file input_25.cif (mmCIF, C-alpha atoms)
data_coords
loop_
_atom_site.label_atom_id
_atom_site.label_comp_id
_atom_site.auth_asym_id
_atom_site.auth_seq_id
_atom_site.Cartn_x
_atom_site.Cartn_y
_atom_site.Cartn_z
CA VAL W 2 6.12 -36.53 23.55
CA HIS W 3 7.53 -33.29 22.14
CA ARG W 4 7.38 -31.66 25.60
CA GLU W 5 9.33 -34.53 27.17
CA ALA W 6 11.82 -34.50 24.30
CA ARG W 7 12.40 -30.77 24.74
CA PHE W 8 12.96 -31.24 28.49
CA HIS W 9 15.57 -33.98 28.01
CA ALA W 10 17.22 -32.05 25.15
CA SER W 11 17.55 -29.00 27.43
CA SER W 12 19.10 -31.18 30.15
CA LEU W 13 21.58 -32.61 27.67
CA THR W 14 22.43 -29.12 26.42
CA ARG W 15 23.23 -28.00 29.99
CA HIS W 16 25.30 -31.15 30.43
CA LEU W 17 27.36 -30.27 27.35
CA LEU W 18 27.72 -26.62 28.34
CA LEU W 19 29.12 -27.68 31.73
CA LYS W 20 31.62 -29.89 29.82
CA TYR W 21 30.79 -33.07 31.71
CA PRO W 22 32.40 -36.11 30.06
CA ILE W 23 30.32 -38.46 27.92
CA GLY W 24 31.54 -41.95 27.08
CA ASP W 25 31.86 -43.08 23.49
CA ASP W 26 29.09 -45.66 23.75
CA ALA W 27 26.72 -43.16 25.37
CA ARG W 28 27.61 -40.51 22.79
CA ALA W 29 26.95 -42.87 19.89
CA GLU W 30 23.60 -43.89 21.40
CA LEU W 31 22.61 -40.26 21.94
CA VAL W 32 23.59 -39.36 18.38
CA SER W 33 21.49 -42.18 16.94
CA LEU W 34 18.53 -41.17 19.11
CA LEU W 35 18.74 -37.47 18.23
CA PHE W 36 19.26 -38.24 14.56
CA GLY W 37 16.06 -40.28 14.55
CA ILE W 38 14.11 -37.52 16.30
CA ALA W 39 15.43 -34.71 14.10
CA THR W 40 14.69 -36.52 10.84
CA GLN W 41 11.22 -37.81 11.62
CA PRO W 42 8.60 -36.25 9.29
CA SER W 43 6.17 -35.43 12.11
CA LEU W 44 8.59 -33.15 13.98
CA PRO W 45 7.31 -29.53 13.97
CA PRO W 46 9.67 -27.10 12.20
CA SER W 47 9.88 -24.96 15.34
CA LEU W 48 11.59 -27.83 17.22
CA LEU W 49 13.99 -28.80 14.45
CA PRO W 50 16.70 -26.14 15.10
CA GLY W 51 17.16 -27.16 18.74
CA PHE W 52 17.55 -30.86 18.02
CA CYS W 53 19.85 -30.23 15.05
CA ALA W 54 22.06 -27.91 17.12
CA LEU W 55 22.32 -30.54 19.85
CA LEU W 56 23.12 -33.24 17.30
CA SER W 57 25.86 -31.04 15.82
CA ALA W 58 27.36 -30.42 19.26
CA LEU W 59 27.52 -34.15 20.03
CA LEU W 60 29.05 -35.03 16.65
CA ARG W 61 31.57 -32.19 16.77
CA ARG W 62 33.28 -33.91 19.70
CA GLY W 63 32.66 -37.39 18.34
CA LYS W 64 34.84 -37.30 15.23
CA HIS W 65 36.77 -40.27 16.55
CA LEU W 66 33.71 -42.55 16.53
CA ALA W 67 34.76 -44.53 13.47
CA SER W 68 32.21 -47.30 14.05
CA LEU W 69 29.25 -44.92 14.09
CA GLN W 70 27.22 -45.02 10.87
CA LEU W 71 24.28 -42.78 10.00
CA PRO W 72 21.94 -43.08 7.01
CA TRP W 73 22.04 -40.25 4.50
CA ARG W 74 18.58 -40.68 3.00
CA PRO W 75 16.56 -39.23 5.95
CA LEU W 76 18.73 -36.11 5.84
CA PHE W 77 18.31 -35.85 2.09
CA SER W 78 14.52 -36.20 2.32
CA LEU W 79 14.30 -33.57 5.06
CA LEU W 80 16.50 -31.14 3.16
CA LEU W 81 14.31 -31.56 0.09
CA ARG W 82 11.15 -31.05 2.12
CA LEU W 83 12.43 -27.83 3.67
CA HIS W 84 13.79 -26.37 0.44
CA MET W 85 11.01 -27.58 -1.88
CA PRO W 86 7.73 -27.43 0.08
CA LYS W 87 4.82 -29.00 -1.77
CA LEU W 88 2.01 -26.74 -0.57
CA ARG W 89 3.63 -23.31 -0.36
CA PRO W 90 6.44 -21.88 -2.48
CA CYS W 91 9.50 -20.68 -0.59
CA SER W 92 9.03 -17.21 -2.09
CA TYR W 93 5.85 -16.72 0.00
CA GLU W 94 7.09 -17.90 3.36
CA ASN W 95 8.45 -15.95 6.31
CA ARG W 96 12.17 -15.90 5.56
CA ALA W 97 13.22 -15.11 9.12
CA PHE W 98 11.24 -18.09 10.45
CA ALA W 99 12.21 -20.54 7.70
CA ARG W 100 15.94 -19.77 7.65
CA SER W 101 16.70 -21.17 11.11
CA PRO W 102 15.54 -24.79 10.50
CA ARG W 103 17.38 -24.91 7.19
CA VAL W 104 20.63 -23.49 8.56
CA GLU W 105 20.71 -25.77 11.60
CA LEU W 106 19.86 -28.81 9.49
CA VAL W 107 22.70 -28.02 7.09
CA ARG W 108 25.09 -27.65 10.03
CA ALA W 109 23.98 -31.04 11.32
CA ALA W 110 24.44 -32.56 7.86
CA VAL W 111 28.02 -31.24 7.79
CA GLN W 112 28.76 -33.18 10.97
CA CYS W 113 26.81 -36.29 9.90
CA ARG W 114 28.35 -36.81 6.47
CA ARG W 115 31.62 -38.20 7.85
CA HIS W 116 29.57 -41.08 9.30
CA PHE W 117 27.78 -42.11 6.11
CA GLY W 118 28.24 -45.76 5.26
CA PRO W 119 30.48 -47.04 2.45
CA GLY W 120 28.97 -46.74 -1.00
CA SER W 121 26.96 -43.65 -0.13
CA ALA W 122 28.48 -41.54 -2.92
CA SER W 123 26.92 -43.52 -5.77
CA ALA W 124 23.52 -43.59 -4.05
CA ILE W 125 23.60 -39.82 -3.41
CA LEU W 126 24.53 -39.16 -7.04
CA ALA W 127 21.61 -41.30 -8.22
CA ALA W 128 19.17 -39.55 -5.87
CA VAL W 129 20.25 -36.03 -6.86
CA GLU W 130 20.51 -36.65 -10.61
CA PRO W 131 16.77 -36.01 -11.31
CA LEU W 132 17.16 -32.51 -9.84
CA LEU W 133 20.00 -31.59 -12.22
CA CYS W 134 17.73 -30.52 -15.07
CA PRO W 135 18.94 -27.30 -16.77
CA HIS W 136 15.35 -26.34 -17.64
CA GLU W 137 14.49 -25.94 -13.93
CA PRO W 138 17.11 -23.49 -12.59
CA ALA W 139 15.92 -23.55 -8.96
CA GLU W 140 15.95 -27.36 -8.78
CA PHE W 141 19.27 -27.50 -10.63
CA VAL W 142 20.95 -25.20 -8.12
CA LEU W 143 19.40 -27.08 -5.19
CA GLY W 144 20.64 -30.39 -6.57
CA ALA W 145 24.16 -29.03 -7.00
CA ALA W 146 24.14 -27.64 -3.45
CA LEU W 147 22.95 -30.99 -2.07
CA LEU W 148 25.77 -32.77 -3.87
CA ALA W 149 28.39 -30.39 -2.48
CA LEU W 150 26.90 -30.74 1.00
CA LEU W 151 26.33 -34.48 1.29
CA LEU W 152 29.01 -36.18 -0.80
CA PRO W 153 31.45 -38.08 1.46
CA THR W 154 35.17 -37.60 1.00
CA ARG W 155 36.70 -40.36 3.11
CA GLY W 156 38.02 -43.64 1.81
CA ASP W 157 37.73 -44.17 -1.93
CA GLU W 158 34.41 -42.33 -2.37
CA ALA W 159 36.00 -39.54 -4.44
CA ALA W 160 36.70 -41.92 -7.30
CA VAL W 161 32.92 -42.31 -7.68
CA TRP W 162 31.81 -38.66 -7.62
CA LEU W 163 34.84 -36.72 -8.91
CA PRO W 164 34.22 -37.18 -12.69
CA ARG W 165 30.54 -36.16 -12.41
CA VAL W 166 31.28 -33.21 -10.14
CA THR W 167 34.07 -31.93 -12.41
CA ARG W 168 31.80 -32.08 -15.46
CA LEU W 169 28.96 -30.37 -13.59
CA TRP W 170 31.24 -27.64 -12.24
CA LEU W 171 32.95 -26.73 -15.51
CA HIS W 172 30.19 -27.22 -18.09
CA SER W 173 27.03 -25.76 -16.56
CA GLY W 174 27.29 -22.20 -17.89
CA ALA W 175 27.71 -20.60 -14.47
CA ASP W 176 31.30 -19.40 -14.85
CA GLY W 177 32.33 -16.88 -12.24
CA VAL W 178 29.22 -17.04 -10.05
CA VAL W 179 30.69 -16.77 -6.56
CA GLU W 180 28.30 -19.21 -4.91
CA TRP W 181 28.70 -21.73 -7.75
CA GLU W 182 32.49 -21.65 -7.69
CA ALA W 183 32.57 -21.81 -3.90
CA LEU W 184 30.32 -24.89 -3.79
CA TRP W 185 32.76 -27.02 -5.75
CA LEU W 186 35.97 -25.45 -4.45
CA LYS W 187 34.85 -26.14 -0.87
CA LEU W 188 34.07 -29.75 -1.78
CA LEU W 189 37.47 -30.19 -3.44
CA GLU W 190 39.14 -28.53 -0.46
CA ARG W 191 37.45 -31.05 1.82
CA GLN W 192 38.72 -33.89 -0.36
CA ALA W 193 42.26 -32.48 -0.41
CA LYS W 194 42.24 -32.12 3.38
CA GLU W 195 41.07 -35.70 3.93
CA GLU W 196 43.74 -36.93 1.52
CA PHE W 197 46.43 -34.84 3.22
CA TYR W 198 45.63 -36.39 6.62
CA GLY W 199 45.50 -39.89 5.17
CA ARG W 200 41.77 -40.45 5.59
CA ALA W 201 41.06 -40.69 1.85
CA GLN W 202 42.59 -42.46 -1.10
CA PRO W 203 44.75 -40.19 -3.31
CA VAL W 204 43.22 -38.81 -6.48
CA ASP W 205 44.95 -37.41 -9.56
CA TRP W 206 44.91 -33.63 -9.10
CA ARG W 207 46.83 -32.82 -12.28
CA PRO W 208 43.75 -32.40 -14.52
CA ILE W 209 41.92 -30.36 -11.84
CA LEU W 210 44.52 -27.89 -10.60
CA PRO W 211 44.63 -25.79 -13.83
CA PHE W 212 40.89 -25.18 -13.48
CA VAL W 213 41.31 -24.24 -9.82
CA HIS W 214 43.90 -21.65 -10.88
CA SER W 215 41.76 -20.24 -13.70
CA ARG W 216 38.59 -20.01 -11.60
CA ALA W 217 40.49 -18.22 -8.85
CA LEU W 218 41.73 -15.70 -11.41
CA LEU W 219 38.21 -15.36 -12.76
CA LEU W 220 36.87 -14.51 -9.30
CA LEU W 221 39.56 -11.84 -9.04
CA ASN W 222 38.57 -10.44 -12.46
CA LEU W 223 42.06 -11.19 -13.77
CA PRO W 224 42.90 -12.67 -17.18
CA GLY W 225 44.91 -15.79 -17.72
CA GLY W 226 44.81 -19.37 -16.62
CA HIS W 227 44.12 -22.62 -18.38
CA GLU W 228 40.65 -21.49 -19.50
CA ALA W 229 41.68 -18.08 -20.81
CA ARG W 230 39.30 -17.40 -23.67
CA SER W 231 37.08 -14.56 -24.75
CA GLU W 232 33.77 -16.12 -23.70
CA LEU W 233 34.85 -16.95 -20.13
CA ARG W 234 33.50 -14.01 -18.17
CA PRO W 235 31.91 -13.67 -14.74
CA THR W 236 28.16 -14.16 -15.08
CA VAL W 237 25.52 -12.26 -13.14
CA LYS W 238 23.29 -15.19 -12.14
CA ARG W 239 22.07 -15.39 -8.58
CA PHE W 240 21.13 -18.40 -6.51
CA PRO W 241 17.64 -18.70 -4.96
CA PHE W 242 17.45 -17.19 -1.49
CA GLU W 243 16.55 -20.44 0.26
CA VAL W 244 19.72 -22.07 -1.11
CA ILE W 245 22.00 -19.09 -0.45
CA SER W 246 20.80 -18.65 3.12
CA SER W 247 21.57 -22.22 4.17
CA MET W 248 23.83 -24.19 1.80
CA ALA W 249 25.63 -21.59 -0.32
CA SER W 250 26.25 -18.61 1.94
CA PHE W 251 29.76 -18.09 0.58
CA GLY W 252 31.61 -15.01 -0.58
CA ALA W 253 34.48 -14.53 -2.99
CA ALA W 254 36.92 -14.69 -0.07
CA ASP W 255 35.64 -18.16 0.89
CA ALA W 256 36.05 -19.43 -2.67
CA LEU W 257 39.55 -17.99 -3.01
CA ARG W 258 40.57 -19.35 0.39
CA ALA W 259 39.39 -22.81 -0.65
CA ALA W 260 41.30 -22.57 -3.94
CA ALA W 261 44.48 -21.55 -2.11
CA ARG W 262 44.15 -24.47 0.31
CA ILE W 263 43.64 -26.93 -2.53
CA ILE W 264 46.82 -25.69 -4.20
CA VAL W 265 48.83 -25.92 -0.97
CA LEU W 266 47.46 -29.28 0.19
CA THR W 267 48.11 -30.94 -3.17
CA LEU W 268 51.74 -29.82 -3.46
CA PRO W 269 54.06 -32.79 -3.96
CA PRO W 270 56.44 -33.57 -1.10
CA VAL W 271 59.88 -31.99 -1.34
CA ARG W 272 62.79 -34.38 -1.26
CA ARG W 273 65.62 -33.25 0.91
CA ALA W 274 69.15 -33.79 -0.25
#

call {"tool": "encode", "arguments": {"input": "input_25.cif", "output": "structure tokens"}}
result
Amino acid sequence: VHREARFHASSLTRHLLLKYPIGDDARAELVSLLFGIATQPSLPPSLLPGFCALLSALLRRGKHLASLQLPWRPLFSLLLRLHMPKLRPCSYENRAFARSPRVELVRAAVQCRRHFGPGSASAILAAVEPLLCPHEPAEFVLGAALLALLLPTRGDEAAVWLPRVTRLWLHSGADGVVEWEALWLKLLERQAKEEFYGRAQPVDWRPILPFVHSRALLLLNLPGGHEARSELRPTVKRFPFEVISSMASFGAADALRAAARIIVLTLPPVRRA
């Protein structure tokens, strides 16, 4: 079965590389089929990157498929299984071999999340909440990264997750960690972009923008901002490698770019005389 699947996946990859047209119905059917193959538990890890890359390529040109819905739970379970293996700790595995399935799966999740069904935000929050235990730093960071990766931003989903995300971002004792700040700034940037293009319900940015300003100044090692106080200093914590390599591979420039885009996208319209 795996040999036949690889053959047909290679044929479809050549079809995409030659830029042959694919109808919307055929594209939606192929996406559903590849999603089911990529998320099945019995798929060998060596085959996962190829199927995830093909799924990403199909979804990248299928953003207009508004009727296509994909379940989030198989992706969540697979991400947990790859980042928290039961039999062998990630610290003892071959990093070069393990990084590719994780990275390609995260890229596929980025394309899939716009097709999650309505009400997914509350279910994702409930599924990730057990991981957000401060006494288990590795699981805590993984849970935060999963939230930033999977939370949908279209429609009125932000009203569900924004209070919890804001509290988690600002009150977790990770001030100034580049990867930590970038996780939430990238999520807020995604929400601001969807709102700017009219694909999401407006949210009240007034309580959030002062923190965006102050965290940007903190990343630049500059004083000032809404949170200017003596104890707010950049910390020296580091994320686990398996999280950094796939879901949090951001630098200070990425975080600052996201902060700048949030500020610009949330500017009120100017009334012309």

call {"tool": "resolve_selection", "arguments": {"input": "input_25.cif", "expression": "the PyMOL selection byres ((chain W and resi 259) around 9)", "output": "list of chain:residue names"}}
result
W:Ala183, W:Leu186, W:Lys187, W:Leu188, W:Leu189, W:Glu190, W:Arg191, W:Ala254, W:Asp255, W:Ala256, W:Leu257, W:Arg258, W:Ala260, W:Ala261, W:Arg262, W:Ile263, W:Ile264

call {"tool": "write_last_selection", "arguments": {"input": "input_25.cif", "atoms": "C-alpha atoms", "output": "compact mmCIF listing (two decimals), in the coordinates of the input"}}
result
# COMPACT_ATOMS: atom_id res chain seq x y z
CA ALA W 183 32.57 -21.81 -3.90
CA LEU W 186 35.97 -25.45 -4.45
CA LYS W 187 34.85 -26.14 -0.87
CA LEU W 188 34.07 -29.75 -1.78
CA LEU W 189 37.47 -30.19 -3.44
CA GLU W 190 39.14 -28.53 -0.46
CA ARG W 191 37.45 -31.05 1.82
CA ALA W 254 36.92 -14.69 -0.07
CA ASP W 255 35.64 -18.16 0.89
CA ALA W 256 36.05 -19.43 -2.67
CA LEU W 257 39.55 -17.99 -3.01
CA ARG W 258 40.57 -19.35 0.39
CA ALA W 260 41.30 -22.57 -3.94
CA ALA W 261 44.48 -21.55 -2.11
CA ARG W 262 44.15 -24.47 0.31
CA ILE W 263 43.64 -26.93 -2.53
CA ILE W 264 46.82 -25.69 -4.20

call {"tool": "residues_near_point", "arguments": {"input": "input_25.cif", "point": "(32.9, -38.3, 18.5)", "cutoff": "12 Å", "atoms": "only C-alpha atoms", "output": "PyMOL selection string"}}
result
chain W and resi 22-32+56-70+112-113+115-116

call {"tool": "write_last_selection", "arguments": {"input": "input_25.cif", "atoms": "C-alpha atoms", "output": "PDB file, in the coordinates of the input"}}
result
ATOM      1  CA  PRO W  22      32.400 -36.110  30.060  1.00  0.00           C
ATOM      2  CA  ILE W  23      30.320 -38.460  27.920  1.00  0.00           C
ATOM      3  CA  GLY W  24      31.540 -41.950  27.080  1.00  0.00           C
ATOM      4  CA  ASP W  25      31.860 -43.080  23.490  1.00  0.00           C
ATOM      5  CA  ASP W  26      29.090 -45.660  23.750  1.00  0.00           C
ATOM      6  CA  ALA W  27      26.720 -43.160  25.370  1.00  0.00           C
ATOM      7  CA  ARG W  28      27.610 -40.510  22.790  1.00  0.00           C
ATOM      8  CA  ALA W  29      26.950 -42.870  19.890  1.00  0.00           C
ATOM      9  CA  GLU W  30      23.600 -43.890  21.400  1.00  0.00           C
ATOM     10  CA  LEU W  31      22.610 -40.260  21.940  1.00  0.00           C
ATOM     11  CA  VAL W  32      23.590 -39.360  18.380  1.00  0.00           C
ATOM     12  CA  LEU W  56      23.120 -33.240  17.300  1.00  0.00           C
ATOM     13  CA  SER W  57      25.860 -31.040  15.820  1.00  0.00           C
ATOM     14  CA  ALA W  58      27.360 -30.420  19.260  1.00  0.00           C
ATOM     15  CA  LEU W  59      27.520 -34.150  20.030  1.00  0.00           C
ATOM     16  CA  LEU W  60      29.050 -35.030  16.650  1.00  0.00           C
ATOM     17  CA  ARG W  61      31.570 -32.190  16.770  1.00  0.00           C
ATOM     18  CA  ARG W  62      33.280 -33.910  19.700  1.00  0.00           C
ATOM     19  CA  GLY W  63      32.660 -37.390  18.340  1.00  0.00           C
ATOM     20  CA  LYS W  64      34.840 -37.300  15.230  1.00  0.00           C
ATOM     21  CA  HIS W  65      36.770 -40.270  16.550  1.00  0.00           C
ATOM     22  CA  LEU W  66      33.710 -42.550  16.530  1.00  0.00           C
ATOM     23  CA  ALA W  67      34.760 -44.530  13.470  1.00  0.00           C
ATOM     24  CA  SER W  68      32.210 -47.300  14.050  1.00  0.00           C
ATOM     25  CA  LEU W  69      29.250 -44.920  14.090  1.00  0.00           C
ATOM     26  CA  GLN W  70      27.220 -45.020  10.870  1.00  0.00           C
ATOM     27  CA  GLN W 112      28.760 -33.180  10.970  1.00  0.00           C
ATOM     28  CA  CYS W 113      26.810 -36.290   9.900  1.00  0.00           C
ATOM     29  CA  ARG W 115      31.620 -38.200   7.850  1.00  0.00           C
ATOM     30  CA  HIS W 116      29.570 -41.080   9.300  1.00  0.00           C
TER      31      HIS W 116
END

call {"tool": "resolve_selection", "arguments": {"input": "input_25.cif", "expression": "the PyMOL selection byres ((chain W and resi 157) around 10)", "output": "NGL selection string"}}
result
:W and (119-120 or 122 or 153-156 or 158-162 or 200-204)

call {"tool": "atom_distance", "arguments": {"input": "input_25.cif", "atom1": "atom CA of Met85 of chain W", "atom2": "atom CA of Ala139 of chain W"}}
result
9.5 Å

call {"tool": "atom_distance", "arguments": {"input": "input_25.cif", "atom1": "atom CA of Gly174 of chain W", "atom2": "atom CA of Leu150 of chain W"}}
result
20.7 Å

call {"tool": "build_atoms", "arguments": {"input": "input_25.cif", "residues": "segment 136-147 of chain W", "atoms": "all heavy atoms", "output": "compact mmCIF listing (two decimals), in the frame of the given file"}}
result
# COMPACT_ATOMS: atom_id res chain seq x y z
N HIS W 136 16.57 -27.10 -17.35
CA HIS W 136 15.35 -26.34 -17.64
C HIS W 136 14.62 -25.89 -16.38
O HIS W 136 13.65 -25.14 -16.47
CB HIS W 136 14.40 -27.19 -18.51
CG HIS W 136 15.01 -27.62 -19.80
ND1 HIS W 136 15.31 -26.73 -20.82
CD2 HIS W 136 15.41 -28.84 -20.24
CE1 HIS W 136 15.84 -27.39 -21.85
NE2 HIS W 136 15.92 -28.68 -21.51
N GLU W 137 15.06 -26.36 -15.21
CA GLU W 137 14.49 -25.94 -13.93
C GLU W 137 15.62 -25.35 -13.08
O GLU W 137 16.26 -26.06 -12.31
CB GLU W 137 13.85 -27.12 -13.21
CG GLU W 137 12.65 -27.72 -13.92
CD GLU W 137 11.45 -26.78 -13.90
OE1 GLU W 137 11.43 -25.86 -13.05
OE2 GLU W 137 10.55 -26.95 -14.74
N PRO W 138 15.92 -24.06 -13.25
CA PRO W 138 17.11 -23.49 -12.59
C PRO W 138 17.10 -23.65 -11.07
O PRO W 138 18.15 -23.94 -10.48
CB PRO W 138 17.06 -22.01 -13.00
CG PRO W 138 16.24 -21.99 -14.24
CD PRO W 138 15.24 -23.08 -14.11
N ALA W 139 15.95 -23.46 -10.42
CA ALA W 139 15.92 -23.55 -8.96
C ALA W 139 16.25 -24.97 -8.49
O ALA W 139 17.03 -25.16 -7.55
CB ALA W 139 14.55 -23.13 -8.44
N GLU W 140 15.67 -25.98 -9.15
CA GLU W 140 15.95 -27.36 -8.78
C GLU W 140 17.39 -27.74 -9.13
O GLU W 140 18.04 -28.50 -8.40
CB GLU W 140 14.97 -28.30 -9.47
CG GLU W 140 13.53 -28.14 -9.00
CD GLU W 140 12.62 -29.16 -9.63
OE1 GLU W 140 13.12 -30.09 -10.30
OE2 GLU W 140 11.39 -29.02 -9.48
N PHE W 141 17.89 -27.21 -10.23
CA PHE W 141 19.27 -27.50 -10.63
C PHE W 141 20.26 -26.99 -9.57
O PHE W 141 21.18 -27.71 -9.17
CB PHE W 141 19.55 -26.84 -11.98
CG PHE W 141 20.94 -27.07 -12.49
CD1 PHE W 141 21.26 -28.25 -13.15
CD2 PHE W 141 21.93 -26.13 -12.30
CE1 PHE W 141 22.55 -28.47 -13.62
CE2 PHE W 141 23.22 -26.35 -12.76
CZ PHE W 141 23.53 -27.52 -13.42
N VAL W 142 20.05 -25.77 -9.13
CA VAL W 142 20.95 -25.20 -8.12
C VAL W 142 20.82 -25.95 -6.80
O VAL W 142 21.83 -26.22 -6.12
CB VAL W 142 20.63 -23.70 -7.93
CG1 VAL W 142 21.33 -23.14 -6.71
CG2 VAL W 142 21.03 -22.93 -9.17
N LEU W 143 19.59 -26.31 -6.43
CA LEU W 143 19.40 -27.08 -5.19
C LEU W 143 20.09 -28.43 -5.28
O LEU W 143 20.74 -28.87 -4.31
CB LEU W 143 17.90 -27.25 -4.93
CG LEU W 143 17.53 -28.10 -3.70
CD1 LEU W 143 18.11 -27.49 -2.43
CD2 LEU W 143 16.02 -28.24 -3.59
N GLY W 144 19.98 -29.11 -6.41
CA GLY W 144 20.64 -30.39 -6.57
C GLY W 144 22.16 -30.27 -6.47
O GLY W 144 22.82 -31.10 -5.83
N ALA W 145 22.71 -29.24 -7.08
CA ALA W 145 24.16 -29.03 -7.00
C ALA W 145 24.58 -28.75 -5.56
O ALA W 145 25.61 -29.27 -5.09
CB ALA W 145 24.57 -27.87 -7.91
N ALA W 146 23.80 -27.94 -4.84
CA ALA W 146 24.14 -27.64 -3.45
C ALA W 146 24.04 -28.89 -2.58
O ALA W 146 24.85 -29.08 -1.67
CB ALA W 146 23.22 -26.54 -2.92
N LEU W 147 23.06 -29.74 -2.83
CA LEU W 147 22.95 -30.99 -2.07
C LEU W 147 24.13 -31.91 -2.33
O LEU W 147 24.62 -32.58 -1.41
CB LEU W 147 21.64 -31.69 -2.42
CG LEU W 147 20.36 -31.05 -1.86
CD1 LEU W 147 19.13 -31.73 -2.43
CD2 LEU W 147 20.34 -31.11 -0.34
